[in-house]
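S.K.: Before I ask anything, here is the structure I am working with.
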Amino acid sequence: MSKEHILVIEDEKDILSMVRLRLESRGFAVFTAESGELALQQLEEHKPDLILLDLMLPGISGLEVLKRIRNNQNLAKIPILIVSALGEENDVVVGLERGADDYLSKPFNMSVLMARVNALLRRSKPNHEENKPNIEKKKDDSEDFIVIGSIRIDIKRYRVFIEDKLVALTSTEYRLLLALIASKGRVLTRNQLIDEAIGNDSIVTDRTIDVHLTSLRSKLGSARNLIETVRGVGYRFQL
């Protein structure tokens with residue numbers, strides 16, 4: 001079985017060395033970058049399974065690196081865990097709004113970091129049970145596809161199309177979409193969406209789900225209205 005590859009983007013050498021050693025001791029293949037420029041160069045040559053991203057980088061900032069990754073069709077689905085000394089709620093919200101899947105503030109416990117890494121890798125696998133919606137397929141649907149209105153989901157390849165145009169969802173956005181569809185029109189509270197699509201081992205703020213769903217809606221284009229906000233309760237998908 002091939003090793004999972006992790007790119008660690010961190011300019012503090014002590015933290016970089018500590019994180020690298022721990023990841024390698026757990027069997028991961030690790031490559032590193034100490035600046036935004038070097039990170040983008042690395043990504044031209046290697047496509048990792050997960051990215052650990054510091055925000056306060058020399059040169060190109062971590063948020064700009066995040067933006068470029070999410071705007072790159074080939075890289076957009078890579079799960080990204082921000083690891084940053086910027087730990088205020090607003091910093092977390094901005095990171096999630098820009099497309100991060102999770103956020104861990106410095107200083108951090110190494111065991112917590114590893115739990116976040118393992119959770120993101122587990123949930124990002126297309127064939128993982130968490131990513132399989134329990135919904136009834138229409139008779140004309142292939143076993144590998146879910147089709148609802150203008151939305152077409154390729155379960156096998158972990159891709160979403162809107163009006164036959166591929167849209168780049170993060171792994172968290174993808175799981176949220178599947179969780180809402182699987183609810184078959186029932187309202188899901190924010191806590192239920194956290195449990196089903198994000199997990200209790202990820203950072204949670206009052207706005208976490210709202211931020212991810214706002215981003216998801218913006219990417220769904222003409223299908224955005226299928227996700228309905230139920231004020232004071234949560235969200236539901238209109239089948």
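Ordering of the structure tokens sets the chain letters (A, B, ...), residue numbers begin anew at 1 in every chain, and ligands are numbered from 1 in the order given.
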Can you list, as a ChimeraX atom specification, every residue of region 157-227 of chain A that DSSP puts in strand (DSSP E)?
M.R.: /A:159-162,165-167,188-189,227
S.K.: With only C-alpha atoms as the counted atoms, please give the residues lying no more than 10 Å from Asp91 (chain A), apart from itself and same-chain residues fewer than 5 positions off, as a list in words.
M.R.: Leu55, Ser84, Ala85, Leu86, Leu96, Glu97, Tyr103 and Ser105 of chain A
S.K.: For region 106-121 of chain A, work out the shell of residues within 8 Å, counting only C-alpha atoms and skipping chain neighbours fewer than 3 positions away, then give it as a list in words.
M.R.: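 Neighbouring residues, sequence-local ones excluded: Val19, Leu23, Asp49, Leu50, Pro79, Leu81, Val83, Ser84, Ala85, Leu86, Gly87, Asp101, Asp102, Ser124, Lys125, Gly199, Asp201 and Ser202 of chain A.
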S.K.: Tell me, as an NGL selection string, which residues lie within 8 Å of Ala223 (chain A), counting only C-alpha atoms; anything in the same chain fewer than 3 positions away does not count.
M.R.: :A and (149-151 or 162 or 217 or 220 or 226)
S.K.: DSSP on the backbone, alpha helix (DSSP H) only: what residues of region 30-182 of chain A does that give? Format it as a PyMOL selection string.
M.R.: chain A and resi 36-45+62-70+89-97+110-124+171-182
S.K.: If we count only C-alpha atoms and set the cut-off at 9 Å, which residues sit around Ile69 (chain A), ignoring sequence neighbours fewer than 6 positions away in its own chain? Please answer as a PyMOL selection string.
M.R.: chain A and resi 40+43+75-78
S.K.: Could you take the residues named above and write them with C-alpha atoms, as a PDB file, in the first residue's frame?
M.R.:
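Written file, result.pdb:
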```pdb
ATOM      1  CA  LEU A  40       3.386  26.596  -5.098  1.00  0.00           C
ATOM      2  CA  LEU A  43       2.539  21.690  -5.976  1.00  0.00           C
ATOM      3  CA  LEU A  75      -5.613  20.783  -6.780  1.00  0.00           C
ATOM      4  CA  ALA A  76      -8.957  22.120  -5.564  1.00  0.00           C
ATOM      5  CA  LYS A  77     -10.141  18.943  -3.840  1.00  0.00           C
ATOM      6  CA  ILE A  78      -7.030  18.441  -1.687  1.00  0.00           C
TER       7      ILE A  78
END
```
S.K.: Work out how far apart CA of Ala168 (chain A) and CA of Leu63 (chain A) are and give it in Å to one decimal.
M.R.: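 CA of Leu63 (chain A) lies at a distance of 17.8 Å from CA of Ala168 (chain A).
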S.K.: Quick one, how far is CA of Gln238 (chain A) from CA of Arg207 (chain A)?
M.R.: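 Between CA of Gln238 (chain A) and CA of Arg207 (chain A) the gap is 22.4 Å.
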S.K.: Give me the residues near Leu16 (chain A) as a ChimeraX atom specification, where near means some atom within 12 Å (using only C-alpha atoms) and where sequence neighbours in that chain fewer than 4 positions away do not count.
M.R.: /A:7-12,20-23,30-35,52-54,83
S.K.: Would you list the contacts of Leu169 (chain A) as number ranges by chain, taking every protein, DNA or RNA residue within 9 Å and counting only C-alpha atoms, but skipping same-chain residues closer than 6 positions in sequence?
M.R.: A: 70, 76-77, 99, 159-160, 215-216, 219
S.K.: Go ahead and dump the residues you just picked, C-alpha atoms, as a short mmCIF file (atom, residue, chain, number, x, y, z; two decimals), in the first residue's frame.
M.R.:
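Once written, again.cif looks like this:
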```
data_model
loop_
_atom_site.label_atom_id
_atom_site.label_comp_id
_atom_site.auth_asym_id
_atom_site.auth_seq_id
_atom_site.Cartn_x
_atom_site.Cartn_y
_atom_site.Cartn_z
CA ARG A 70 -8.76 26.29 -4.59
CA ALA A 76 -8.96 22.12 -5.56
CA LYS A 77 -10.14 18.94 -3.84
CA GLY A 99 -11.71 27.13 1.47
CA ARG A 159 -16.84 14.95 -8.71
CA VAL A 160 -19.85 17.27 -8.94
CA SER A 215 -19.27 28.74 -0.11
CA LEU A 216 -21.06 25.59 -1.32
CA LYS A 219 -20.39 27.14 -6.33
#
```
S.K.: Using Å and a single decimal, report how far CA of Ser183 (chain A) sits from CA of Arg236 (chain A).
M.R.: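 Between CA of Arg236 (chain A) and CA of Ser183 (chain A) the gap works out to 7.6 Å.
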S.K.: When you count only C-alpha atoms, which of these residues is closest to Ala182 (chain A): A:Asp195, A:Leu239, A:His212, A:Asn225?
M.R.: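 Closest to Ala182 (chain A), using only C-alpha atoms: A:Leu239.
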S.K.: Taking only C-alpha atoms into account, name the residue in A:Thr172, A:Gln192, A:Ser218, A:Gln73 that is nearest to Gly234 (chain A).
M.R.: A:Gln192
S.K.: Considering only C-alpha atoms, can you say which of A:Arg68, A:Arg123, A:Arg26, A:Arg152 comes closest to Arg175 (chain A)?
M.R.: A:Arg123
